[in-house]
Amino acid sequence: MRLSRYFLPVLKETPAEAQIVSHRLMLRAGMIKQSSAGIYSWLPLGFKVLKNIEKIVHEEQIRAGHIPMLMPTLQPADLWRESGRYDAYGPEMLRIRDRQDRDLLFGPTNEEMITDIFRAHVSSYKDLPLTLYHIQWKFRDEIRPRFGVMRGREFLMKDGYNFDLTKEDALHAYNRHLVSYLRTYERMGLQAIPMRADSGPIGGDDTHEFLVLAETGESEVFYDAQITDLKFGEREIDYDNVDQCQAVLEEFTSRYARTDETHDTAEFDKIPEDRRRVARGIEVGQIFYFGTKYSDAMGATVQGPDGAKVAVHMGSHGIGVSRLMGAIIEASHDDNGIIWPEGVTPFHVGIVNLRQGDAETDKACEGLYNALTAHGLEPLYDDREERAGAKFATMDLIGLPWRITVGPRGVKNGVVELTSRRTGESVEMTPADAVKRVAEIYAPHHAHVAAMVEPMAQRSFHTWL
RNA sequence: CGGGGCGUAGCGCAGCCUGGUAGCGCAUCUGUUUUGGGAACAGAGGGUCGUAGGUUCGAAUCCUAUCGCCCCGACCA
């Protein structure tokens, strides 16, 4: 993308309404615009990151064997009357009435709706296990929205629901989700720690919240310092293997890590003093096992091998997709702006032309742009008629992890400069080497591209009838 | 919902107390000179002062109502 043709309304000054750093930076980097309290438009740059986060969530869900679908934002109130939550949920639920005077609600979550779908179409244990999920906009009418997209009223969330014949099977689904979530967050450059949590209005016995440590976090958290040394990393796992998933769960939850809701001072004090940590965290996901709470209330049963009808065991699992963008920025920024992890960056690399209009630098930039694009990468080329300082400031603000600087001096000597946003380190090299280096950096994330065949991608698809 | 604050040009703000031609910085547009970390100069455009009502010869300014937004608290992915 050429910046001169893009829509990137960056702000030099910080809008008055933003208090925390992620909110300020998202506004300044032209990623979002507030529409009303807790409701935002996603401008092109923000939209791109949102889609990247969403893509990672999808890929990891599918890898774990979960099945994507899409349910509506508006739900009939009757479903919620069945579960008893229409009255229980309180004013946080946005209630709507249509022209026929039917009660609707803007869904804050989808347990009822998915259970309704399940009971309509599944009646045999042979169709289990089943885990369905979707990524859809939710609405919770928060009393006081704040912190930008971290605590909005409208938010994008992945919510998934598992249906299993037995409690044991459902607990495996729980473990499987925990493992897939660890992978998901690590791909976004985040360390999210599973912590024992409170089940809230969803209900249930087992639940863990995933928290990203950050000073601006809403929850106070208590944990054993050893837990931050744990990495899921590149290990292979068979999501169908009960023992493997169980082992990962034990590895990641055996050390003390709790939110203030479930904090147990006596247990905490058993940790050696130098390993006790009290910090703040941003909740970016939660997994629940709640047994037959909804299947009982709504009659979601299957026939077992013995012919008897049994209520299915369920769990639900959420990832705050839009909130993650705020969490990532909270965890990865400096005084100059955002520092995107490679996994979610809106553009892979920025190209800064220091002397726009100079034939040689223009040509070098075009060459870089084309070569990077040919590698399947998306560069952002700052081709505006701006001075160097303004271009650097914009690049730093929007946080692209890599920048190639092209100036007349370097071009004369056949070199450009590759700079890491994170470390600030710059290395001079030939344009060809710079392209090669950037391609290498992203290669692990693009290994699939070379092998992929996309039929008719570049042309219209004809049918002959 | 309790407490506090703010609505004046795209953004950040002054002006309000003490009523009398609506201002500043940034951004935008034109031109010239600049050109490796948010350039300089000259010129230009842009505002129903959140909205409604009232007081007054006259309201951004005073009064009343209302809408919106932000902060602290209780609540939440």
# chains A, B, ... in the order shown; residues from 1 in each chain; ligands from 1
call {"tool": "select_by_dssp", "arguments": {"residues": "segment 137-223 of chain A", "states": "alpha helix (DSSP H)", "output": "PyMOL selection string"}}
result
chain A and resi 167-187
call {"tool": "residues_around", "arguments": {"residues": "Val122 of chain A", "least_positions_apart": "5", "cutoff": "12 Å", "atoms": "only C-alpha atoms (C1' of nucleotides)", "output": "PyMOL selection string"}}
result
chain A and resi 114-117+127-130+163-165+299-304+309+311-312
call {"tool": "write_last_selection", "arguments": {"atoms": "N, CA and C atoms", "output": "tab-separated table (two decimals), in the first residue's frame"}}
result
chain	number	residue	atom	x	y	z
A	114	ILE	N	-26.98	-21.42	20.75
A	114	ILE	CA	-26.27	-22.60	20.27
A	114	ILE	C	-26.95	-23.87	20.79
A	115	THR	N	-27.48	-23.79	22.00
A	115	THR	CA	-28.16	-24.96	22.55
A	115	THR	C	-29.44	-25.24	21.76
A	116	ASP	N	-30.08	-24.18	21.32
A	116	ASP	CA	-31.28	-24.32	20.50
A	116	ASP	C	-30.95	-24.99	19.16
A	117	ILE	N	-29.84	-24.58	18.58
A	117	ILE	CA	-29.41	-25.20	17.32
A	117	ILE	C	-29.07	-26.66	17.54
A	127	ASP	N	-23.04	-38.34	17.22
A	127	ASP	CA	-22.66	-37.03	16.66
A	127	ASP	C	-21.73	-36.25	17.58
A	128	LEU	N	-21.41	-36.87	18.71
A	128	LEU	CA	-20.53	-36.20	19.66
A	128	LEU	C	-19.13	-36.81	19.57
A	129	PRO	N	-18.09	-36.12	19.99
A	129	PRO	CA	-18.12	-34.75	20.52
A	129	PRO	C	-18.26	-33.72	19.42
A	130	LEU	N	-18.75	-32.55	19.80
A	130	LEU	CA	-18.96	-31.48	18.85
A	130	LEU	C	-18.59	-30.15	19.50
A	163	PHE	N	-20.08	-29.78	23.10
A	163	PHE	CA	-21.16	-30.69	23.50
A	163	PHE	C	-20.56	-32.08	23.62
A	164	ASP	N	-20.69	-32.67	24.78
A	164	ASP	CA	-20.09	-33.98	25.00
A	164	ASP	C	-21.04	-34.88	25.78
A	165	LEU	N	-20.82	-36.18	25.61
A	165	LEU	CA	-21.71	-37.16	26.23
A	165	LEU	C	-21.48	-37.23	27.73
A	299	GLY	N	-33.49	-28.65	27.34
A	299	GLY	CA	-33.79	-29.95	26.75
A	299	GLY	C	-32.86	-30.36	25.63
A	300	ALA	N	-31.57	-30.11	25.80
A	300	ALA	CA	-30.59	-30.55	24.80
A	300	ALA	C	-30.07	-31.92	25.21
A	301	THR	N	-30.67	-32.94	24.63
A	301	THR	CA	-30.31	-34.31	25.02
A	301	THR	C	-29.91	-35.12	23.80
A	302	VAL	N	-29.19	-36.19	24.06
A	302	VAL	CA	-28.92	-37.17	23.00
A	302	VAL	C	-29.24	-38.56	23.56
A	303	GLN	N	-29.48	-39.49	22.64
A	303	GLN	CA	-29.64	-40.88	23.06
A	303	GLN	C	-28.27	-41.50	23.18
A	304	GLY	N	-28.01	-42.12	24.30
A	304	GLY	CA	-26.75	-42.81	24.50
A	304	GLY	C	-26.79	-44.20	23.89
A	309	LYS	N	-32.07	-41.23	27.00
A	309	LYS	CA	-31.78	-39.82	26.70
A	309	LYS	C	-30.99	-39.20	27.85
A	311	ALA	N	-28.83	-35.57	29.08
A	311	ALA	CA	-28.48	-34.18	28.80
A	311	ALA	C	-26.99	-34.09	28.50
A	312	VAL	N	-26.64	-33.32	27.50
A	312	VAL	CA	-25.21	-33.24	27.13
A	312	VAL	C	-24.45	-32.34	28.10
call {"tool": "interface_residues", "arguments": {"of": "chain A", "to": "chain B", "cutoff": "6 Å", "atoms": "only C-alpha atoms (C1' of nucleotides)", "output": "number ranges by chain"}}
result
A: 17, 320, 389-390
call {"tool": "residues_around", "arguments": {"residues": "Arg63 of chain A", "least_positions_apart": "4", "cutoff": "12 Å", "atoms": "only C-alpha atoms (C1' of nucleotides)", "output": "PyMOL selection string"}}
result
chain A and resi 56-59+67-68+176-177+179-181+183-184+236-240
call {"tool": "write_last_selection", "arguments": {"atoms": "N, CA, C and O atoms", "output": "PDB file, in the first residue's frame"}}
result
ATOM      1  N   ILE A  56      -5.910 -15.382  13.303  1.00  0.00           N
ATOM      2  CA  ILE A  56      -5.150 -16.287  14.170  1.00  0.00           C
ATOM      3  C   ILE A  56      -6.108 -17.115  15.030  1.00  0.00           C
ATOM      4  O   ILE A  56      -5.938 -18.320  15.193  1.00  0.00           O
ATOM      5  N   VAL A  57      -7.125 -16.448  15.548  1.00  0.00           N
ATOM      6  CA  VAL A  57      -8.095 -17.173  16.375  1.00  0.00           C
ATOM      7  C   VAL A  57      -8.762 -18.273  15.558  1.00  0.00           C
ATOM      8  O   VAL A  57      -8.865 -19.424  16.001  1.00  0.00           O
ATOM      9  N   HIS A  58      -9.187 -17.936  14.359  1.00  0.00           N
ATOM     10  CA  HIS A  58      -9.803 -18.939  13.487  1.00  0.00           C
ATOM     11  C   HIS A  58      -8.860 -20.107  13.239  1.00  0.00           C
ATOM     12  O   HIS A  58      -9.237 -21.270  13.372  1.00  0.00           O
ATOM     13  N   GLU A  59      -7.637 -19.786  12.859  1.00  0.00           N
ATOM     14  CA  GLU A  59      -6.701 -20.858  12.499  1.00  0.00           C
ATOM     15  C   GLU A  59      -6.453 -21.801  13.664  1.00  0.00           C
ATOM     16  O   GLU A  59      -6.389 -23.021  13.496  1.00  0.00           O
ATOM     17  N   ILE A  67     -15.403 -26.157  14.970  1.00  0.00           N
ATOM     18  CA  ILE A  67     -16.063 -25.895  13.688  1.00  0.00           C
ATOM     19  C   ILE A  67     -16.651 -24.493  13.657  1.00  0.00           C
ATOM     20  O   ILE A  67     -17.478 -24.139  14.507  1.00  0.00           O
ATOM     21  N   PRO A  68     -16.228 -23.681  12.662  1.00  0.00           N
ATOM     22  CA  PRO A  68     -16.728 -22.311  12.599  1.00  0.00           C
ATOM     23  C   PRO A  68     -18.138 -22.212  12.048  1.00  0.00           C
ATOM     24  O   PRO A  68     -18.548 -23.016  11.203  1.00  0.00           O
ATOM     25  N   ARG A 176      -8.535 -29.050  25.970  1.00  0.00           N
ATOM     26  CA  ARG A 176      -8.176 -28.781  24.582  1.00  0.00           C
ATOM     27  C   ARG A 176      -8.247 -27.280  24.299  1.00  0.00           C
ATOM     28  O   ARG A 176      -7.383 -26.714  23.620  1.00  0.00           O
ATOM     29  N   HIS A 177      -9.284 -26.652  24.823  1.00  0.00           N
ATOM     30  CA  HIS A 177      -9.400 -25.208  24.642  1.00  0.00           C
ATOM     31  C   HIS A 177      -8.251 -24.479  25.319  1.00  0.00           C
ATOM     32  O   HIS A 177      -7.705 -23.533  24.776  1.00  0.00           O
ATOM     33  N   VAL A 179      -5.265 -25.486  25.793  1.00  0.00           N
ATOM     34  CA  VAL A 179      -4.062 -25.638  24.977  1.00  0.00           C
ATOM     35  C   VAL A 179      -4.133 -24.732  23.746  1.00  0.00           C
ATOM     36  O   VAL A 179      -3.183 -24.000  23.430  1.00  0.00           O
ATOM     37  N   SER A 180      -5.280 -24.742  23.078  1.00  0.00           N
ATOM     38  CA  SER A 180      -5.386 -23.961  21.843  1.00  0.00           C
ATOM     39  C   SER A 180      -5.295 -22.466  22.160  1.00  0.00           C
ATOM     40  O   SER A 180      -4.765 -21.689  21.357  1.00  0.00           O
ATOM     41  N   TYR A 181      -5.784 -22.072  23.309  1.00  0.00           N
ATOM     42  CA  TYR A 181      -5.697 -20.662  23.684  1.00  0.00           C
ATOM     43  C   TYR A 181      -4.246 -20.254  23.924  1.00  0.00           C
ATOM     44  O   TYR A 181      -3.834 -19.146  23.555  1.00  0.00           O
ATOM     45  N   ARG A 183      -1.631 -21.416  22.489  1.00  0.00           N
ATOM     46  CA  ARG A 183      -1.051 -21.232  21.154  1.00  0.00           C
ATOM     47  C   ARG A 183      -1.514 -19.919  20.531  1.00  0.00           C
ATOM     48  O   ARG A 183      -0.743 -19.187  19.928  1.00  0.00           O
ATOM     49  N   THR A 184      -2.810 -19.674  20.654  1.00  0.00           N
ATOM     50  CA  THR A 184      -3.407 -18.488  20.035  1.00  0.00           C
ATOM     51  C   THR A 184      -2.727 -17.213  20.526  1.00  0.00           C
ATOM     52  O   THR A 184      -2.294 -16.378  19.730  1.00  0.00           O
ATOM     53  N   GLU A 236       4.576 -29.790  19.293  1.00  0.00           N
ATOM     54  CA  GLU A 236       3.461 -30.383  18.551  1.00  0.00           C
ATOM     55  C   GLU A 236       2.507 -31.018  19.550  1.00  0.00           C
ATOM     56  O   GLU A 236       2.925 -31.547  20.577  1.00  0.00           O
ATOM     57  N   ILE A 237       1.251 -30.964  19.243  1.00  0.00           N
ATOM     58  CA  ILE A 237       0.294 -31.603  20.148  1.00  0.00           C
ATOM     59  C   ILE A 237      -0.841 -32.206  19.346  1.00  0.00           C
ATOM     60  O   ILE A 237      -1.243 -31.669  18.310  1.00  0.00           O
ATOM     61  N   ASP A 238      -1.300 -33.334  19.803  1.00  0.00           N
ATOM     62  CA  ASP A 238      -2.453 -33.996  19.197  1.00  0.00           C
ATOM     63  C   ASP A 238      -3.667 -33.622  20.035  1.00  0.00           C
ATOM     64  O   ASP A 238      -3.802 -34.037  21.186  1.00  0.00           O
ATOM     65  N   TYR A 239      -4.540 -32.804  19.433  1.00  0.00           N
ATOM     66  CA  TYR A 239      -5.669 -32.292  20.214  1.00  0.00           C
ATOM     67  C   TYR A 239      -6.674 -33.389  20.593  1.00  0.00           C
ATOM     68  O   TYR A 239      -7.524 -33.180  21.448  1.00  0.00           O
ATOM     69  N   ASP A 240      -6.574 -34.517  19.943  1.00  0.00           N
ATOM     70  CA  ASP A 240      -7.482 -35.618  20.303  1.00  0.00           C
ATOM     71  C   ASP A 240      -6.924 -36.455  21.440  1.00  0.00           C
ATOM     72  O   ASP A 240      -7.613 -37.327  21.965  1.00  0.00           O
TER      73      ASP A 240
END
call {"tool": "atom_distance", "arguments": {"atom1": "atom CA of Val435 of chain A", "atom2": "atom CA of Thr405 of chain A"}}
result
12.2 Å
call {"tool": "select_by_dssp", "arguments": {"residues": "segment 121-282 of chain A", "states": "strand (DSSP E or B)", "output": "PyMOL selection string"}}
result
chain A and resi 124+130-139+146+151+154-164+192-196+206-213+219-224+257-259+276-282
call {"tool": "residues_around", "arguments": {"residues": "U28 of chain B", "least_positions_apart": "2", "cutoff": "10 Å", "atoms": "only C-alpha atoms (C1' of nucleotides)", "output": "list in words"}}
result
G10, G45 and G46 of chain B
call {"tool": "residues_around", "arguments": {"residues": "His333 of chain A", "least_positions_apart": "2", "cutoff": "9 Å", "atoms": "only C-alpha atoms (C1' of nucleotides)", "output": "list in words"}}
result
Val21, Ser22, Leu25, Ile328, Ile329, Glu330, Ala331, Asp335, Asn336, Gly337, Ile338, Ile339, Trp340, Gly399 and Arg422 of chain A
call {"tool": "residues_around", "arguments": {"residues": "Tyr256 of chain A", "least_positions_apart": "3", "cutoff": "8 Å", "atoms": "only C-alpha atoms (C1' of nucleotides)", "output": "number ranges by chain"}}
result
A: 222-224, 253, 267-268, 271
call {"tool": "write_last_selection", "arguments": {"atoms": "C-alpha atoms", "output": "CSV table (one decimal), in the first residue's frame"}}
result
chain,number,residue,atom,x,y,z
A,222,PHE,CA,-1.6,-13.1,42.3
A,223,TYR,CA,0.8,-15.6,40.9
A,224,ASP,CA,4.0,-17.7,41.4
A,253,THR,CA,-2.2,-24.5,36.0
A,267,GLU,CA,-2.4,-20.8,49.6
A,268,PHE,CA,-0.5,-17.8,48.2
A,271,ILE,CA,4.9,-19.9,47.7
call {"tool": "atom_distance", "arguments": {"atom1": "atom CA of Leu354 of chain A", "atom2": "atom CA of Tyr381 of chain A"}}
result
11.2 Å
call {"tool": "atom_distance", "arguments": {"atom1": "atom CA of Asp274 of chain A", "atom2": "atom CA of Leu249 of chain A"}}
result
24.7 Å
call {"tool": "residues_around", "arguments": {"residues": "A60 of chain B", "least_positions_apart": "5", "cutoff": "12 Å", "atoms": "only C-alpha atoms (C1' of nucleotides)", "output": "CSV table (one decimal) with all heavy atoms, in the first residue's frame"}}
result
chain,number,residue,atom,x,y,z
B,7,G,P,-15.6,23.3,28.3
B,7,G,OP1,-14.6,24.4,27.9
B,7,G,OP2,-16.9,23.7,28.9
B,7,G,O5',-15.8,22.4,27.0
B,7,G,C5',-16.9,22.7,26.2
B,7,G,C4',-17.0,21.6,25.2
B,7,G,O4',-17.7,20.4,25.8
B,7,G,C3',-17.8,22.0,24.0
B,7,G,O3',-17.5,21.2,22.9
B,7,G,C2',-19.2,21.7,24.5
B,7,G,O2',-20.1,21.5,23.4
B,7,G,C1',-19.0,20.4,25.3
B,7,G,N9,-19.9,20.3,26.4
B,7,G,C8,-19.8,20.8,27.7
B,7,G,N7,-20.8,20.6,28.5
B,7,G,C5,-21.7,19.9,27.7
B,7,G,C6,-22.9,19.4,28.0
B,7,G,O6,-23.5,19.4,29.1
B,7,G,N1,-23.5,18.7,26.9
B,7,G,C2,-22.9,18.6,25.7
B,7,G,N2,-23.7,18.0,24.8
B,7,G,N3,-21.7,19.1,25.4
B,7,G,C4,-21.2,19.7,26.4
B,8,U,P,-16.5,21.8,21.9
B,8,U,OP1,-16.8,21.2,20.5
B,8,U,OP2,-15.2,21.5,22.4
B,8,U,O5',-16.8,23.3,21.8
B,8,U,C5',-17.8,23.9,21.0
B,8,U,C4',-17.4,25.2,20.5
B,8,U,O4',-17.2,26.1,21.6
B,8,U,C3',-16.1,25.3,19.8
B,8,U,O3',-16.2,24.9,18.4
B,8,U,C2',-15.7,26.8,19.9
B,8,U,O2',-16.6,27.5,19.1
B,8,U,C1',-16.1,27.0,21.3
B,8,U,N1,-15.0,26.8,22.2
B,8,U,C2,-14.0,27.7,22.3
B,8,U,O2,-14.0,28.7,21.7
B,8,U,N3,-13.0,27.4,23.2
B,8,U,C4,-12.8,26.3,23.9
B,8,U,O4,-11.9,26.2,24.7
B,8,U,C5,-13.9,25.4,23.8
B,8,U,C6,-14.9,25.6,23.0
B,15,G,P,-9.9,31.0,29.9
B,15,G,OP1,-9.5,31.8,31.1
B,15,G,OP2,-10.8,29.8,30.1
B,15,G,O5',-10.6,32.0,29.0
B,15,G,C5',-10.2,33.4,28.8
B,15,G,C4',-11.0,34.1,27.8
B,15,G,O4',-11.1,33.3,26.6
B,15,G,C3',-12.5,34.3,28.2
B,15,G,O3',-12.6,35.5,29.0
B,15,G,C2',-13.2,34.5,26.8
B,15,G,O2',-13.1,35.8,26.3
B,15,G,C1',-12.3,33.5,26.0
B,15,G,N9,-13.0,32.2,25.8
B,15,G,C8,-12.8,31.1,26.5
B,15,G,N7,-13.5,30.1,26.1
B,15,G,C5,-14.3,30.6,25.1
B,15,G,C6,-15.3,30.0,24.3
B,15,G,O6,-15.7,28.8,24.3
B,15,G,N1,-15.8,30.9,23.4
B,15,G,C2,-15.4,32.2,23.2
B,15,G,N2,-16.0,32.9,22.3
B,15,G,N3,-14.5,32.8,24.0
B,15,G,C4,-14.0,31.9,24.9
B,16,C,P,-13.0,35.4,30.5
B,16,C,OP1,-13.0,36.8,31.0
B,16,C,OP2,-12.2,34.4,31.2
B,16,C,O5',-14.5,34.9,30.4
B,16,C,C5',-15.5,35.7,29.9
B,16,C,C4',-16.9,35.1,30.1
B,16,C,O4',-16.9,33.8,29.4
B,16,C,C3',-17.2,34.8,31.6
B,16,C,O3',-18.5,35.1,31.8
B,16,C,C2',-16.9,33.3,31.7
B,16,C,O2',-17.7,32.7,32.7
B,16,C,C1',-17.2,32.8,30.4
B,16,C,N1,-16.5,31.6,30.0
B,16,C,C2,-17.1,30.4,29.7
B,16,C,O2,-18.4,30.4,29.7
B,16,C,N3,-16.4,29.3,29.3
B,16,C,C4,-15.1,29.4,29.3
B,16,C,N4,-14.4,28.3,28.9
B,16,C,C5,-14.4,30.6,29.6
B,16,C,C6,-15.1,31.6,29.9
B,19,G,P,-20.9,41.5,32.9
B,19,G,OP1,-21.3,42.9,33.0
B,19,G,OP2,-21.8,40.5,33.5
B,19,G,O5',-20.8,41.1,31.4
B,19,G,C5',-20.2,39.8,31.0
B,19,G,C4',-20.6,39.6,29.6
B,19,G,O4',-22.0,39.3,29.5
B,19,G,C3',-20.3,40.8,28.7
B,19,G,O3',-19.9,40.3,27.4
B,19,G,C2',-21.6,41.5,28.6
B,19,G,O2',-21.8,42.2,27.4
B,19,G,C1',-22.6,40.3,28.6
B,19,G,N9,-23.9,40.6,29.2
B,19,G,C8,-24.2,41.1,30.5
B,19,G,N7,-25.4,41.3,30.7
B,19,G,C5,-26.0,40.9,29.5
B,19,G,C6,-27.4,40.9,29.2
B,19,G,O6,-28.4,41.3,29.8
B,19,G,N1,-27.6,40.5,27.8
B,19,G,C2,-26.6,40.1,27.0
B,19,G,N2,-27.0,39.7,25.8
B,19,G,N3,-25.3,40.1,27.3
B,19,G,C4,-25.1,40.5,28.6
B,22,A,P,-18.5,38.4,16.3
B,22,A,OP1,-19.0,37.9,15.0
B,22,A,OP2,-19.3,38.3,17.5
B,22,A,O5',-17.1,37.7,16.6
B,22,A,C5',-16.4,38.0,17.8
B,22,A,C4',-15.4,36.9,18.1
B,22,A,O4',-16.0,35.7,18.6
B,22,A,C3',-14.6,36.5,16.9
B,22,A,O3',-13.6,37.4,16.6
B,22,A,C2',-14.0,35.1,17.3
B,22,A,O2',-12.9,35.3,18.2
B,22,A,C1',-15.2,34.6,18.2
B,22,A,N9,-16.0,33.6,17.6
B,22,A,C8,-17.0,33.8,16.6
B,22,A,N7,-17.6,32.7,16.3
B,22,A,C5,-17.1,31.7,17.2
B,22,A,C6,-17.3,30.4,17.4
B,22,A,N6,-18.3,29.7,16.7
B,22,A,N1,-16.6,29.7,18.3
B,22,A,C2,-15.7,30.4,19.0
B,22,A,N3,-15.4,31.7,18.9
B,22,A,C4,-16.1,32.3,18.0
B,23,G,P,-12.3,37.1,15.6
B,23,G,OP1,-11.7,38.4,15.2
B,23,G,OP2,-12.6,36.1,14.6
B,23,G,O5',-11.3,36.4,16.7
B,23,G,C5',-10.0,36.0,16.3
B,23,G,C4',-9.2,35.6,17.6
B,23,G,O4',-10.1,35.0,18.5
B,23,G,C3',-8.2,34.6,17.3
B,23,G,O3',-7.0,35.2,16.8
B,23,G,C2',-8.0,33.9,18.7
B,23,G,O2',-7.2,34.8,19.5
B,23,G,C1',-9.4,33.9,19.2
B,23,G,N9,-10.1,32.7,18.9
B,23,G,C8,-11.1,32.4,18.1
B,23,G,N7,-11.5,31.2,18.1
B,23,G,C5,-10.7,30.6,19.0
B,23,G,C6,-10.7,29.2,19.5
B,23,G,O6,-11.4,28.3,19.2
B,23,G,N1,-9.7,29.0,20.5
B,23,G,C2,-8.8,30.0,20.9
B,23,G,N2,-8.0,29.7,21.8
B,23,G,N3,-8.9,31.3,20.5
B,23,G,C4,-9.8,31.5,19.6
B,47,G,P,-17.6,28.1,8.3
B,47,G,OP1,-18.9,27.5,7.9
B,47,G,OP2,-17.2,29.5,8.1
B,47,G,O5',-17.5,27.8,9.9
B,47,G,C5',-17.6,26.5,10.5
B,47,G,C4',-17.8,26.6,12.0
B,47,G,O4',-16.6,27.3,12.5
B,47,G,C3',-18.9,27.5,12.4
B,47,G,O3',-20.1,26.7,12.5
B,47,G,C2',-18.5,27.9,13.8
B,47,G,O2',-18.9,27.0,14.8
B,47,G,C1',-17.0,28.0,13.7
B,47,G,N9,-16.4,29.3,13.7
B,47,G,C8,-16.7,30.4,12.9
B,47,G,N7,-15.9,31.4,13.2
B,47,G,C5,-15.1,31.0,14.3
B,47,G,C6,-14.1,31.6,15.0
B,47,G,O6,-13.7,32.8,14.9
B,47,G,N1,-13.5,30.8,16.0
B,47,G,C2,-13.9,29.5,16.2
B,47,G,N2,-13.2,28.8,17.1
B,47,G,N3,-14.8,28.8,15.5
B,47,G,C4,-15.4,29.7,14.6
B,49,C,P,-23.8,29.3,18.1
B,49,C,OP1,-24.8,28.4,18.6
B,49,C,OP2,-23.7,30.6,18.6
B,49,C,O5',-22.4,28.6,18.2
B,49,C,C5',-22.3,27.2,18.5
B,49,C,C4',-21.1,26.9,19.5
B,49,C,O4',-20.1,28.0,19.3
B,49,C,C3',-21.5,26.9,20.9
B,49,C,O3',-20.8,26.0,21.6
B,49,C,C2',-21.1,28.3,21.4
B,49,C,O2',-20.8,28.4,22.7
B,49,C,C1',-19.9,28.6,20.5
B,49,C,N1,-19.6,30.0,20.3
B,49,C,C2,-18.5,30.5,21.1
B,49,C,O2,-17.8,29.8,21.8
B,49,C,N3,-18.2,31.8,20.9
B,49,C,C4,-18.9,32.6,20.1
B,49,C,N4,-18.6,33.9,19.9
B,49,C,C5,-20.0,32.0,19.3
B,49,C,C6,-20.3,30.8,19.5
B,50,G,P,-21.3,25.2,22.8
B,50,G,OP1,-22.3,25.9,23.7
B,50,G,OP2,-20.0,24.8,23.4
B,50,G,O5',-22.1,23.9,22.3
B,50,G,C5',-21.7,23.3,21.0
B,50,G,C4',-22.7,22.2,20.7
B,50,G,O4',-22.6,21.2,21.8
B,50,G,C3',-24.1,22.6,20.7
B,50,G,O3',-24.5,23.2,19.4
B,50,G,C2',-24.8,21.3,21.0
B,50,G,O2',-24.9,20.5,19.8
B,50,G,C1',-23.9,20.7,22.0
B,50,G,N9,-24.3,21.0,23.4
B,50,G,C8,-23.5,21.7,24.3
B,50,G,N7,-24.2,21.8,25.5
B,50,G,C5,-25.4,21.1,25.3
B,50,G,C6,-26.4,20.9,26.2
B,50,G,O6,-26.6,21.3,27.4
B,50,G,N1,-27.5,20.2,25.6
B,50,G,C2,-27.5,19.8,24.3
B,50,G,N2,-28.5,19.1,23.8
B,50,G,N3,-26.5,20.0,23.4
B,50,G,C4,-25.4,20.6,24.0
